[in-house]
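Chemist: Okay, so here is run_23.cif, and as you'll see once you scroll down, it has mmCIF, C-alpha atoms.
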```
data_upload
#
loop_
_atom_site.group_PDB
_atom_site.id
_atom_site.type_symbol
_atom_site.label_atom_id
_atom_site.label_comp_id
_atom_site.auth_asym_id
_atom_site.auth_seq_id
_atom_site.Cartn_x
_atom_site.Cartn_y
_atom_site.Cartn_z
ATOM 1 C CA MET T 1305 -65.508 -32.350 -21.171
ATOM 2 C CA ILE T 1306 -62.434 -30.175 -20.947
ATOM 3 C CA VAL T 1307 -59.146 -31.623 -22.226
ATOM 4 C CA LEU T 1308 -55.945 -30.236 -20.693
ATOM 5 C CA THR T 1309 -52.286 -31.247 -20.765
ATOM 6 C CA PRO T 1310 -50.020 -32.262 -17.870
ATOM 7 C CA SER T 1311 -47.816 -29.188 -18.345
ATOM 8 C CA VAL T 1312 -47.044 -26.652 -15.619
ATOM 9 C CA THR T 1313 -47.621 -23.677 -17.913
ATOM 10 C CA PRO T 1314 -50.905 -21.720 -17.763
ATOM 11 C CA GLN T 1315 -53.738 -23.267 -19.788
ATOM 12 C CA THR T 1316 -57.009 -21.768 -20.995
ATOM 13 C CA PHE T 1317 -60.456 -23.322 -21.329
ATOM 14 C CA SER T 1318 -63.879 -21.930 -22.281
ATOM 15 C CA PHE T 1319 -67.192 -22.592 -20.557
ATOM 16 C CA ILE T 1320 -70.779 -21.391 -20.251
ATOM 17 C CA PRO T 1321 -71.528 -20.497 -16.613
ATOM 18 C CA ARG T 1322 -74.812 -20.037 -14.772
ATOM 19 C CA ASN T 1323 -73.553 -16.694 -13.483
ATOM 20 C CA ASN T 1324 -70.617 -14.451 -14.420
ATOM 21 C CA THR T 1325 -69.400 -14.129 -10.823
ATOM 22 C CA PHE T 1326 -67.064 -16.801 -9.452
ATOM 23 C CA ASN T 1327 -63.972 -16.747 -7.251
ATOM 24 C CA ILE T 1328 -63.183 -20.368 -6.302
ATOM 25 C CA MET T 1329 -62.046 -23.132 -8.670
ATOM 26 C CA GLU T 1330 -61.694 -26.635 -7.257
ATOM 27 C CA ILE T 1331 -60.593 -29.807 -9.020
ATOM 28 C CA THR T 1332 -61.004 -33.309 -7.612
ATOM 29 C CA ASP T 1333 -58.917 -36.208 -8.914
ATOM 30 C CA GLU T 1334 -61.327 -39.093 -9.542
ATOM 31 C CA GLN T 1335 -58.671 -41.753 -8.852
ATOM 32 C CA THR T 1336 -57.275 -40.370 -5.599
ATOM 33 C CA ASN T 1337 -60.356 -38.363 -4.520
ATOM 34 C CA ILE T 1338 -58.120 -35.423 -3.519
ATOM 35 C CA THR T 1339 -59.620 -31.943 -3.954
ATOM 36 C CA THR T 1340 -57.361 -28.941 -4.572
ATOM 37 C CA GLN T 1341 -58.121 -25.277 -5.117
ATOM 38 C CA VAL T 1342 -56.584 -23.794 -8.251
ATOM 39 C CA ALA T 1343 -55.715 -20.112 -8.454
ATOM 40 C CA ILE T 1344 -57.342 -18.396 -11.433
ATOM 41 C CA THR T 1345 -54.648 -16.461 -13.299
ATOM 42 C CA SER T 1346 -57.098 -14.538 -15.482
ATOM 43 C CA SER T 1347 -60.683 -14.755 -16.660
ATOM 44 C CA THR T 1348 -62.597 -13.190 -19.517
ATOM 45 C CA ILE T 1349 -66.358 -12.703 -19.542
ATOM 46 C CA GLY T 1350 -67.869 -12.882 -23.016
ATOM 47 C CA ASN T 1351 -71.438 -12.572 -24.260
ATOM 48 C CA TYR T 1352 -72.154 -16.289 -23.818
ATOM 49 C CA ILE T 1353 -68.799 -18.002 -23.326
ATOM 50 C CA ASN T 1354 -66.303 -17.202 -20.582
ATOM 51 C CA THR T 1355 -62.649 -18.234 -20.504
ATOM 52 C CA ILE T 1356 -60.341 -18.993 -17.610
ATOM 53 C CA THR T 1357 -56.556 -19.205 -17.584
ATOM 54 C CA ALA T 1358 -54.934 -21.093 -14.717
ATOM 55 C CA THR T 1359 -51.964 -23.313 -13.919
ATOM 56 C CA PHE T 1360 -53.018 -26.871 -13.113
ATOM 57 C CA GLY T 1361 -50.935 -29.675 -11.622
ATOM 58 C CA LEU T 1362 -52.546 -32.520 -13.543
ATOM 59 C CA ILE T 1363 -51.455 -36.139 -14.004
ATOM 60 C CA GLU T 1364 -51.444 -37.818 -17.441
ATOM 61 C CA GLY T 1365 -54.458 -40.093 -18.016
ATOM 62 C CA HIS T 1366 -56.437 -38.924 -14.966
ATOM 63 C CA PHE T 1367 -59.985 -37.585 -14.911
ATOM 64 C CA TYR T 1368 -60.894 -34.634 -12.684
ATOM 65 C CA ASN T 1369 -64.129 -32.998 -11.566
ATOM 66 C CA LEU T 1370 -64.093 -29.204 -11.929
ATOM 67 C CA VAL T 1371 -66.306 -26.942 -9.798
ATOM 68 C CA LEU T 1372 -66.478 -23.134 -10.012
ATOM 69 C CA ARG T 1373 -68.049 -21.441 -6.996
ATOM 70 C CA VAL T 1374 -68.914 -18.112 -5.501
ATOM 71 C CA GLY T 1375 -69.096 -18.751 -1.776
ATOM 72 C CA THR T 1376 -71.073 -21.972 -1.435
ATOM 73 C CA SER T 1377 -73.082 -21.542 -4.666
ATOM 74 C CA ILE T 1378 -71.979 -23.714 -7.579
ATOM 75 C CA ILE T 1379 -71.680 -21.684 -10.789
ATOM 76 C CA PHE T 1380 -70.251 -24.347 -13.133
ATOM 77 C CA LYS T 1381 -69.395 -28.063 -13.059
ATOM 78 C CA ASP T 1382 -67.522 -30.095 -15.660
ATOM 79 C CA ARG T 1383 -65.081 -32.946 -16.105
ATOM 80 C CA ILE T 1384 -61.405 -32.611 -17.081
ATOM 81 C CA PHE T 1385 -59.299 -35.214 -18.856
ATOM 82 C CA CYS T 1386 -55.517 -34.824 -18.835
ATOM 83 C CA THR T 1387 -53.544 -36.059 -21.851
ATOM 84 C CA ALA T 1388 -50.301 -35.165 -23.597
ATOM 85 C CA GLN T 1389 -51.590 -36.471 -26.951
ATOM 86 C CA SER T 1390 -52.697 -33.992 -29.556
ATOM 87 C CA LEU T 1391 -56.481 -33.777 -29.879
ATOM 88 C CA VAL T 1392 -56.379 -34.345 -33.626
ATOM 89 C CA THR T 1393 -54.656 -37.736 -33.286
ATOM 90 C CA PHE T 1394 -55.983 -38.681 -29.821
ATOM 91 C CA SER T 1395 -56.746 -42.360 -29.387
ATOM 92 C CA VAL T 1396 -57.910 -44.117 -26.253
ATOM 93 C CA ASN T 1397 -55.942 -47.160 -27.406
ATOM 94 C CA ASN T 1398 -52.690 -45.295 -28.048
ATOM 95 C CA ASN T 1399 -49.968 -47.966 -28.541
ATOM 96 C CA GLN T 1400 -52.069 -50.568 -26.708
ATOM 97 C CA TYR T 1401 -54.410 -52.105 -29.265
ATOM 98 C CA VAL T 1402 -53.143 -54.788 -31.618
ATOM 99 C CA SER T 1403 -55.497 -55.955 -34.346
ATOM 100 C CA ASN T 1404 -56.092 -59.655 -34.860
ATOM 101 C CA SER T 1405 -55.596 -61.201 -38.260
ATOM 102 C CA THR T 1406 -57.119 -64.565 -39.026
ATOM 103 C CA THR T 1407 -57.102 -66.950 -41.944
ATOM 104 C CA ASN T 1408 -60.763 -67.830 -41.519
ATOM 105 C CA GLU T 1409 -62.564 -67.899 -44.826
ATOM 106 C CA PHE T 1410 -66.300 -68.048 -44.974
ATOM 107 C CA ILE T 1411 -69.005 -68.105 -47.606
ATOM 108 C CA VAL T 1412 -72.146 -66.026 -47.382
ATOM 109 C CA TYR T 1413 -75.195 -67.463 -49.156
ATOM 110 C CA GLU T 1414 -77.910 -65.035 -50.109
#
```
Written as structure tokens, how would this file's structure read?

Modeler:
Amino acid sequence: MIVLTPSVTPQTFSFIPRNNTFNIMEITDEQTNITTQVAITSSTIGNYINTITATFGLIEGHFYNLVLRVGTSIIFKDRIFCTAQSLVTFSVNNNQYVSNSTTNEFIVYE
């Protein structure tokens, strides 16, 4: 899974494609089911890992399906998650989970 931010500045991600030739990048929002083509700003072909830089218009907390194509052939598929949280401190329950505290006391017999 690729994690990107909801910023309007160019972002870079790395991937391992089936082929080094691609010219179409499409993302589909899983909540709205709207597919948009994203212009690839730059791409780098490495020995095993390629990188793409592009400007995405992503919404915080949404999941997207990413497809790279050349013509009608699919070269790469992945899933994108958009979050503004830092990856080091990322929590699915950010500011939502409250722990329960109880006064239950119990005895364990062995």

Chemist: Using all atoms listed in the file, which residue out of T:Asn1369, T:Thr1357, T:Gln1335, T:Ser1377 lies closest to Thr1313 (chain T)?

Modeler: T:Thr1357

Chemist: Hey, which of T:Arg1373, T:Gly1361, T:Ser1390, T:Phe1380 ends up closest to Ser1311 (chain T)? Count only C-alpha atoms.

Modeler: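 Of all the options, T:Gly1361 lies closest to Ser1311 (chain T).
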
Chemist: I need the output of the PyMOL selection byres ((chain T and resi 1352) around 12) for this file as JSON, numbers by chain; which residues are they?

Modeler: {"T": [1318, 1319, 1320, 1321, 1322, 1323, 1324, 1348, 1349, 1350, 1351, 1353, 1354, 1355]}

Chemist: With a distance cut-off of 6 Å and all atoms listed in the file, select the neighbouring residues of Ala1358 (chain T), excluding the residue or stretch itself and same-chain residues fewer than 2 positions from it, and output the selection as a compact mmCIF listing (two decimals) with C-alpha atoms, keeping the file's coordinate frame.

Modeler:
```
# COMPACT_ATOMS: atom_id res chain seq x y z
CA PRO T 1314 -50.90 -21.72 -17.76
CA GLN T 1315 -53.74 -23.27 -19.79
CA ILE T 1344 -57.34 -18.40 -11.43
CA THR T 1345 -54.65 -16.46 -13.30
```

Chemist: Which residue is closest to Glu1330 (chain T)? Choose from T:Val1342, T:Ile1363, T:Thr1387, T:Phe1410 and count only C-alpha atoms.

Modeler: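 Once distances to Glu1330 (chain T) are computed over only C-alpha atoms, the minimum belongs to T:Val1342.
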
Chemist: Could you tell me how far CA of Ile1328 (chain T) lies from CA of Leu1372 (chain T), in Å and to one decimal?

Modeler: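 Going from CA of Ile1328 (chain T) over to CA of Leu1372 (chain T) covers 5.7 Å.
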
Chemist: Go ahead and compute the interatomic distance for CA of Thr1332 (chain T) and CA of Gln1389 (chain T), in Å to one decimal.

Modeler: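 Going from CA of Thr1332 (chain T) over to CA of Gln1389 (chain T), I get 21.7 Å.
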
Chemist: Tell me which of T:Thr1359, T:Asn1408, T:Thr1309, T:Gln1341 sits closest to Asn1327 (chain T), counting only C-alpha atoms.

Modeler: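 Among the listed residues, the smallest separation from Asn1327 (chain T) belongs to T:Gln1341.
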
Chemist: Quick check, in Å to one decimal: how far apart do CA of Pro1310 (chain T) and CA of Thr1325 (chain T) lie?

Modeler: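 Rounded to one decimal, the two atoms are 27.5 Å apart.
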
Chemist: Taking only C-alpha atoms into account, name the residue in T:Phe1367, T:Phe1317, T:Ser1405, T:Val1412 that is nearest to Ile1338 (chain T).

Modeler: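 Checking each of T:Phe1367, T:Phe1317, T:Ser1405, T:Val1412 against Ile1338 (chain T), counting only C-alpha atoms, the winner is T:Phe1367.
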
Chemist: Give me, as a list of chain:residue names, all polymer residues having an atom no more than 8 Å from Lys1381 (chain T), counting all atoms listed in the file and skipping those fewer than 2 positions away in the same chain.

Modeler: T:Asn1369, T:Leu1370, T:Val1371, T:Leu1372, T:Ile1378, T:Ile1379, T:Arg1383

Chemist: Measuring atom to atom with all atoms listed in the file, identify which of T:Ala1388, T:Leu1362, T:Val1307, T:Met1329 is nearest to Ala1343 (chain T).

Modeler: T:Met1329
